[in-house]
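Enquirer: Next comes the structure file input-v2.cif, holding mmCIF, C-alpha atoms and all ligand atoms.
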data_coords
#
loop_
_atom_site.label_atom_id
_atom_site.label_comp_id
_atom_site.auth_asym_id
_atom_site.auth_seq_id
_atom_site.Cartn_x
_atom_site.Cartn_y
_atom_site.Cartn_z
CA MET A 235 -6.46 -12.01 235.57
CA LYS A 236 -5.12 -12.67 232.14
CA ARG A 237 -7.14 -11.63 229.17
CA ILE A 238 -6.77 -11.70 225.46
CA ALA A 239 -8.04 -9.31 222.90
CA CYS A 240 -10.74 -10.98 220.89
CA LEU A 241 -10.95 -9.14 217.61
CA PHE A 242 -13.43 -9.48 214.84
CA ILE A 243 -14.96 -12.61 216.22
CA GLY A 244 -17.00 -13.31 213.11
CA THR A 245 -13.98 -13.41 210.83
CA LEU A 246 -11.02 -14.36 213.01
CA GLY A 247 -12.17 -17.92 213.60
CA TRP A 248 -13.18 -20.39 210.88
CA PHE A 249 -16.86 -19.68 210.34
CA THR A 250 -19.05 -22.78 210.25
CA LEU A 251 -22.53 -23.28 208.83
CA GLN A 252 -25.00 -26.13 209.03
CA ALA A 253 -23.34 -28.20 211.73
CA ALA A 254 -25.88 -31.03 211.70
CA GLY A 255 -28.40 -31.86 208.97
CA LEU A 256 -26.72 -30.26 205.99
CA LEU A 257 -29.19 -31.30 203.30
CA MET A 258 -31.98 -33.76 202.54
CA PHE A 259 -33.51 -35.13 199.34
CA ASP A 260 -37.15 -35.99 200.00
CA PHE A 261 -38.41 -36.08 196.40
CA PRO A 262 -41.69 -34.28 197.17
CA GLY A 263 -44.79 -34.80 195.06
CA PRO A 264 -45.39 -36.43 191.70
CA ASP A 265 -42.74 -36.89 189.02
CA PRO A 266 -40.92 -35.60 187.15
CA ALA A 267 -40.70 -32.60 189.52
CA GLY A 268 -40.52 -34.86 192.60
CA ASP A 269 -37.44 -36.75 191.39
CA ALA A 270 -35.83 -33.52 190.14
CA THR A 271 -36.18 -31.52 193.38
CA VAL A 272 -32.75 -30.53 194.70
CA PRO A 273 -32.00 -29.04 198.15
CA VAL A 274 -30.51 -25.55 197.87
CA ILE A 275 -27.53 -25.03 200.18
CA GLU A 276 -25.59 -21.78 200.25
CA HIS A 277 -21.91 -22.20 199.27
CA LEU A 278 -22.45 -25.82 198.14
CA ALA A 279 -23.31 -27.02 194.63
CA VAL A 280 -25.73 -29.95 194.86
CA SER A 281 -26.63 -32.02 191.79
CA PRO A 282 -30.00 -33.62 191.18
CA PHE A 283 -30.30 -37.34 191.87
CA ALA A 284 -29.33 -39.16 188.69
CA ARG A 285 -29.72 -42.71 187.36
CA VAL A 286 -26.84 -44.54 185.68
CA ASN A 287 -27.67 -47.69 183.71
CA VAL A 288 -30.97 -48.31 185.51
CA GLY A 289 -34.53 -47.42 184.53
CA VAL A 290 -36.96 -44.74 185.64
CA ALA A 291 -39.86 -45.80 187.85
CA SER A 292 -42.18 -42.89 188.53
CA GLN A 293 -43.51 -42.85 192.07
CA ALA A 294 -44.70 -39.84 194.08
CA ASP A 295 -42.62 -38.80 197.11
CA LEU A 296 -39.90 -41.40 196.43
CA PHE A 297 -36.97 -41.83 194.04
CA SER A 298 -37.68 -45.17 192.42
CA SER A 299 -35.55 -46.95 189.81
CA SER A 300 -35.96 -50.23 187.95
CA GLN A 301 -34.05 -52.84 185.98
CA TRP A 302 -31.24 -53.64 188.41
CA THR A 303 -28.92 -56.54 187.90
CA GLN A 304 -30.17 -59.98 188.85
CA ALA A 305 -26.61 -61.18 189.42
CA GLY A 306 -25.49 -62.23 192.87
CA ALA A 307 -22.93 -59.41 193.12
CA LEU A 308 -22.88 -55.63 192.81
CA ASP A 309 -22.50 -54.24 189.29
CA PRO A 310 -20.38 -51.06 189.67
CA THR A 311 -21.81 -49.63 186.45
CA GLU A 312 -25.37 -49.54 187.86
CA TYR A 313 -26.22 -46.91 190.46
CA VAL A 314 -28.20 -43.81 191.35
CA GLY A 315 -26.76 -40.87 193.24
CA PHE A 316 -25.73 -37.25 193.48
CA THR A 317 -22.70 -34.98 193.87
CA LEU A 318 -21.65 -32.17 196.20
CA GLU A 319 -19.04 -29.50 195.45
CA PRO A 320 -18.04 -26.72 197.90
CA GLU A 321 -17.70 -23.19 196.54
CA SER A 322 -14.38 -21.39 196.50
CA GLY A 323 -13.42 -20.40 200.06
CA TRP A 324 -15.52 -23.13 201.68
CA GLN A 325 -14.74 -26.59 203.02
CA LEU A 326 -17.18 -29.46 203.55
CA VAL A 327 -16.75 -31.94 206.41
CA LEU A 328 -18.89 -35.06 206.06
CA ASP A 329 -20.28 -36.66 209.21
CA THR A 330 -22.92 -39.23 208.22
CA ILE A 331 -25.40 -40.03 205.47
CA THR A 332 -28.77 -41.60 206.27
CA TRP A 333 -31.48 -42.82 203.93
CA ASP A 334 -34.70 -44.80 203.78
CA THR A 335 -35.01 -47.61 201.26
CA SER A 336 -37.31 -50.38 200.10
CA ARG A 337 -37.97 -52.43 196.96
CA SER A 338 -40.85 -53.78 194.97
CA SER A 339 -41.41 -57.56 195.04
CA THR A 340 -38.93 -58.20 192.19
CA GLY A 341 -36.50 -55.33 192.98
CA PRO A 342 -32.91 -55.73 194.20
CA GLN A 343 -32.60 -57.57 197.51
CA TRP A 344 -29.20 -56.13 198.42
CA GLY A 345 -27.79 -52.62 198.39
CA GLN A 346 -24.60 -50.72 199.11
CA VAL A 347 -23.62 -47.03 199.26
CA ALA A 348 -20.25 -45.67 198.21
CA LEU A 349 -18.56 -42.26 198.55
CA PHE A 350 -16.13 -40.97 195.92
CA ARG A 351 -13.97 -37.85 195.82
CA ASN A 352 -12.94 -36.73 192.35
CA GLY A 353 -13.62 -40.24 191.06
CA GLN A 354 -11.57 -41.97 193.77
CA SER A 355 -13.39 -44.29 196.18
CA LEU A 356 -13.18 -43.09 199.79
CA LEU A 357 -15.38 -45.67 201.50
CA THR A 358 -18.30 -48.05 201.03
CA SER A 359 -21.00 -49.22 203.39
CA ASP A 360 -21.47 -52.84 204.27
CA PRO A 361 -24.05 -54.51 202.02
CA PHE A 362 -27.53 -54.15 203.46
CA ALA A 363 -30.66 -56.19 202.85
CA ILE A 364 -33.52 -54.36 201.16
CA THR A 365 -37.06 -55.42 201.97
CA THR A 366 -40.45 -54.39 200.66
CA THR A 367 -40.97 -52.27 203.79
CA LEU A 368 -39.29 -48.86 203.93
CA GLY A 369 -36.39 -49.01 206.42
CA SER A 370 -33.63 -46.63 207.54
CA GLN A 371 -29.92 -47.05 206.87
CA SER A 372 -26.87 -44.94 207.74
CA LEU A 373 -23.17 -44.71 206.95
CA ASP A 374 -20.46 -43.00 209.02
CA LEU A 375 -18.49 -40.74 206.67
CA ALA A 376 -15.52 -40.45 209.02
CA ASP A 377 -15.33 -36.64 208.78
CA PHE A 378 -13.99 -36.81 205.25
CA ILE A 379 -13.17 -33.34 203.95
CA GLY A 380 -14.08 -31.85 200.59
CA ASP A 381 -12.25 -28.68 199.66
CA ALA A 382 -13.43 -26.13 197.13
CA GLY A 383 -13.49 -27.75 193.71
CA ASP A 384 -13.61 -31.31 195.07
CA LEU A 385 -16.44 -33.35 193.60
CA LEU A 386 -17.90 -35.61 196.29
CA GLU A 387 -20.20 -38.27 194.89
CA PHE A 388 -22.58 -40.71 196.59
CA ARG A 389 -23.58 -43.84 194.67
CA PHE A 390 -26.42 -46.17 195.70
CA HIS A 391 -26.17 -49.68 194.25
CA GLY A 392 -28.65 -52.54 194.15
CA TRP A 393 -28.33 -56.15 192.98
CA ASN A 394 -29.79 -59.62 193.27
CA ALA A 395 -33.13 -58.54 191.80
CA THR A 396 -35.60 -61.26 190.85
CA GLY A 397 -37.06 -59.31 187.93
CA THR A 398 -37.13 -55.75 186.67
CA GLY A 399 -38.55 -54.39 189.92
CA ASN A 400 -37.74 -51.16 191.72
CA LEU A 401 -35.32 -49.85 194.30
CA ARG A 402 -36.83 -46.91 196.21
CA LEU A 403 -35.06 -44.16 198.14
CA ASP A 404 -36.36 -41.38 200.37
CA ASN A 405 -35.12 -38.85 202.95
CA VAL A 406 -31.50 -39.08 201.81
CA THR A 407 -29.81 -36.86 204.39
CA VAL A 408 -26.20 -35.69 204.61
CA ASN A 409 -25.01 -34.55 208.03
CA GLY A 410 -21.91 -32.41 208.12
CA SER A 411 -20.69 -28.84 208.12
CA LEU A 412 -19.56 -26.13 205.73
CA THR A 413 -16.70 -23.98 206.97
CA ALA A 414 -15.42 -20.72 205.52
CA ILE A 415 -11.67 -20.79 205.12
CA PRO A 416 -10.09 -17.30 205.41
CA GLU A 417 -7.77 -16.33 202.57
CA PRO A 418 -4.08 -15.98 203.59
CA SER A 419 -4.26 -12.24 202.85
CA SER A 420 -7.21 -11.92 205.22
CA LEU A 421 -5.29 -13.72 207.95
CA GLY A 422 -2.40 -11.27 207.52
CA LEU A 423 -4.72 -8.30 207.88
CA MET A 424 -6.36 -9.80 210.95
CA ALA A 425 -2.96 -10.51 212.53
CA SER A 426 -1.91 -6.90 211.97
CA ALA A 427 -5.15 -5.64 213.45
CA ALA A 428 -4.77 -7.88 216.51
CA LEU A 429 -1.22 -6.69 217.15
CA GLY A 430 -2.37 -3.09 216.87
CA TRP A 431 -5.13 -3.82 219.33
CA LEU A 432 -2.71 -5.31 221.85
CA ALA A 433 -0.35 -2.33 221.46
CA TRP A 434 -3.22 0.05 222.12
CA ARG A 435 -4.21 -1.96 225.16
CA ARG A 436 -0.68 -1.85 226.60
CA ARG A 437 -0.76 1.95 226.35
CA GLY A 438 -3.64 1.93 228.83
CA SER A 439 -6.52 2.52 226.49
CA PHE A 440 -9.75 0.97 227.56
CA VAL A 441 -11.01 -1.64 225.12
CA PRO A 442 -13.43 -4.53 225.16
CA SER A 443 -11.51 -7.67 226.04
CA LEU A 444 -12.08 -11.38 226.42
CA ARG A 445 -10.30 -13.90 228.53
CA SER A 446 -9.38 -17.08 226.74
CA ALA A 447 -11.54 -20.13 227.44
CA SER A 448 -8.52 -21.82 228.94
CA GLY A 449 -7.60 -18.82 231.07
CA ARG A 450 -4.02 -18.99 229.81
CA GLY A 451 -4.16 -15.70 228.06
CA ALA A 452 -2.97 -16.96 224.70
CA LEU A 453 -4.03 -15.03 221.63
CA GLY A 454 -6.56 -17.21 219.84
CA PHE A 455 -5.74 -16.95 216.16
CA GLY A 456 -7.40 -19.40 213.82
CA PHE A 457 -9.25 -21.23 216.51
CA GLY A 458 -11.84 -23.63 215.13
CA ALA A 459 -15.59 -23.36 215.27
CA PRO A 460 -16.00 -25.29 218.57
CA ALA A 461 -13.55 -22.95 220.31
CA LEU A 462 -15.31 -19.95 218.78
CA ARG A 463 -18.65 -21.19 220.06
CA ARG A 464 -17.18 -21.71 223.54
CA CYS A 465 -15.75 -18.24 223.37
CA LEU A 466 -19.07 -16.67 222.40
CA ARG A 467 -20.99 -18.62 225.04
CA GLN A 468 -18.73 -17.31 227.73
CA ILE A 469 -19.01 -13.64 226.91
CA ARG A 470 -20.79 -11.68 229.56
CA LEU A 471 -21.15 -8.00 230.17
CA VAL A 472 -19.71 -6.59 233.35
CA GLU A 473 -19.99 -3.19 234.91
CA SER A 474 -18.89 -0.02 233.19
CA SER A 475 -15.49 1.46 233.70
CA PRO A 476 -15.62 4.87 235.42
CA GLY A 477 -14.53 7.70 233.24
CA SER A 478 -14.53 5.74 229.98
CA ASP A 479 -16.87 7.80 227.94
CA LYS A 480 -14.92 8.42 224.73
CA ARG A 481 -17.31 6.28 222.74
CA ALA A 482 -20.57 4.61 223.59
CA TRP A 483 -19.19 1.11 223.10
CA THR A 484 -16.22 1.72 225.35
CA LYS A 485 -18.45 2.29 228.35
CA SER A 486 -18.73 -1.44 228.94
CA ARG A 487 -16.01 -3.95 229.60
CA TRP A 488 -16.36 -7.45 228.16
CA ARG A 489 -15.00 -10.42 229.97
CA VAL A 490 -15.05 -14.17 229.31
CA CA B 501 -40.59 -39.71 192.50
CA CA B 502 -40.46 -38.40 200.27
#
Would you kindly transcribe this structure into structure tokens?

Expert:
Amino acid sequence: MKRIACLFIGTLGWFTLQAAGLLMFDFPGPDPAGDATVPVIEHLAVSPFARVNVGVASQADLFSSSQWTQAGALDPTEYVGFTLEPESGWQLVLDTITWDTSRSSTGPQWGQVALFRNGQSLLTSDPFAITTTLGSQSLDLADFIGDAGDLLEFRFHGWNATGTGNLRLDNVTVNGSLTAIPEPSSLGLMASAALGWLAWRRRGSFVPSLRSASGRGALGFGFGAPALRRCLRQIRLVESSPGSDKRAWTKSRWRV
């Protein structure tokens, strides 16, 4: 039975946080605090929702904005939105964004959402009709990646208003994951430690060990979060090894 040494599980693989609902703006309570409420996410800088070239419409529990263009096409200078920026050593993978939207009777009848990275457009949604009843929308973000220092920006546009009425947003949710990226120096240290571990094992020392998920016995450096999760799920404790009593933790043998 082939096995691999599985060292420092928490740091050897890329460590991933917040695999699903990463953050949500729900604009709780009356304004101005409601509009200004920002989700706090560790290792990710999140800006407040901002308005660009549209008006403020105060409404509890929603982010409402007025004075959208009445033209029959999107005006790229009018939008509301927010930015995300991963901290040093972290990477953001974007899965989807979902949001609820509606308008007042004279608000914009059409909307569109766009994603930018460092000012460059990555993708835009199809135009969607906005009605006076709150409805849900979503956009697949195609697993776009933001590295540390990248400014990822979401812009919500509205047009074809029939007056100065409002565009409302709520429950703006980004689904994705934040992943810690080991520094090259850390990888070197971990590689050295793993080689030392294998050398010790070949000399007959008794150590905790894991079999690879594939059973091929390959040393799993840098495996991604899914492989790490599979690895952890498959760990189970088996019976003690007779005579191994040098240290408490060496009394048990680990196998995958
Ligand atoms: Ca509000
Ligand atoms: Ca709300």

Enquirer: Determine, counting only C-alpha atoms, which protein, DNA and RNA residues have an atom within 10 Å of an atom of A:Leu386; residues of the same chain fewer than 6 positions away are not included. Present the result as a ChimeraX atom specification.

Expert: /A:280,316-320,326,328,349-356,378-380

Enquirer: Could you check which residues have any atom within 12 Å of (-38.2, -48.5, 182.4), counting all atoms listed in the file with coordinates taken straight from the file, and then list them as a PyMOL selection string?

Expert: chain A and resi 285+287-292+298-302+398-400

Enquirer: Store the residues of this selection in a file with C-alpha atoms, as an mmCIF file, in the coordinates of the input.

Expert:
data_model
loop_
_atom_site.group_PDB
_atom_site.id
_atom_site.type_symbol
_atom_site.label_atom_id
_atom_site.label_comp_id
_atom_site.auth_asym_id
_atom_site.auth_seq_id
_atom_site.Cartn_x
_atom_site.Cartn_y
_atom_site.Cartn_z
ATOM 1 C CA ARG A 285 -29.720 -42.710 187.360
ATOM 2 C CA ASN A 287 -27.670 -47.690 183.710
ATOM 3 C CA VAL A 288 -30.970 -48.310 185.510
ATOM 4 C CA GLY A 289 -34.530 -47.420 184.530
ATOM 5 C CA VAL A 290 -36.960 -44.740 185.640
ATOM 6 C CA ALA A 291 -39.860 -45.800 187.850
ATOM 7 C CA SER A 292 -42.180 -42.890 188.530
ATOM 8 C CA SER A 298 -37.680 -45.170 192.420
ATOM 9 C CA SER A 299 -35.550 -46.950 189.810
ATOM 10 C CA SER A 300 -35.960 -50.230 187.950
ATOM 11 C CA GLN A 301 -34.050 -52.840 185.980
ATOM 12 C CA TRP A 302 -31.240 -53.640 188.410
ATOM 13 C CA THR A 398 -37.130 -55.750 186.670
ATOM 14 C CA GLY A 399 -38.550 -54.390 189.920
ATOM 15 C CA ASN A 400 -37.740 -51.160 191.720
#

Enquirer: Hey, which residues sit close to ligand CA 502 (chain B)? Say within 12 Å, counting all atoms listed in the file, and write them as a list in words.

Expert: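 Checking all atoms listed in the file against ligand CA 502 (chain B) at 12 Å gives Met258, Phe259, Asp260, Phe261, Pro262, Gly263, Pro264, Asp265, Gly268, Asp269, Thr271, Gln293, Ala294, Asp295, Leu296, Phe297, Ser298, Trp333, Asp334, Thr335, Leu368, Arg402, Leu403, Asp404, Asn405, Val406 and Thr407 of chain A.
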
Enquirer: Between A:Ala395, A:Leu257, A:Ala284, A:Ile275, which has the minimum distance to ligand CA 501 (chain B) (counting all atoms listed in the file)?

Expert: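 The closest residue to ligand CA 501 (chain B) is A:Ala284.
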
Enquirer: Measuring between all atoms listed in the file, which one of A:Leu412, A:Gly341, A:Tyr313, A:Asp381 shows the shortest distance to A:Glu276?

Expert: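 Result for the nearest residue to A:Glu276: A:Leu412.
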
Enquirer: Quick one: axis-aligned box around all listed atoms of stretch 390-401 of chain A, 4 Å on every side, centre and edge lengths in Å to one decimal, written as AutoDock Vina command-line options.

Expert:
--center_x -32.4 --center_y -53.7 --center_z 191.2 --size_x 20.4 --size_y 23.1 --size_z 17.0

Enquirer: With distances taken over all atoms listed in the file, which residue among A:Ala279, A:Leu401, A:Ala376, A:Ala307 lies nearest ligand CA 501 (chain B)?

Expert: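 Comparing A:Ala279, A:Leu401, A:Ala376, A:Ala307 against ligand CA 501 (chain B), the winner is A:Leu401.
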
Enquirer: Report as a list in words all protein, DNA and RNA residues lying within 10 Å of A:Leu375, evaluated on all atoms listed in the file, omitting residues in the same chain fewer than 3 positions from it.

Expert: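 Final neighbour list, sorted by chain and number: Val327, Leu328, Asp329, Thr330, Ile331, Ala348, Leu349, Leu356, Leu357, Thr358, Ser359, Ser372, Phe378, Ile379, Val408, Asn409 and Gly410 of chain A.
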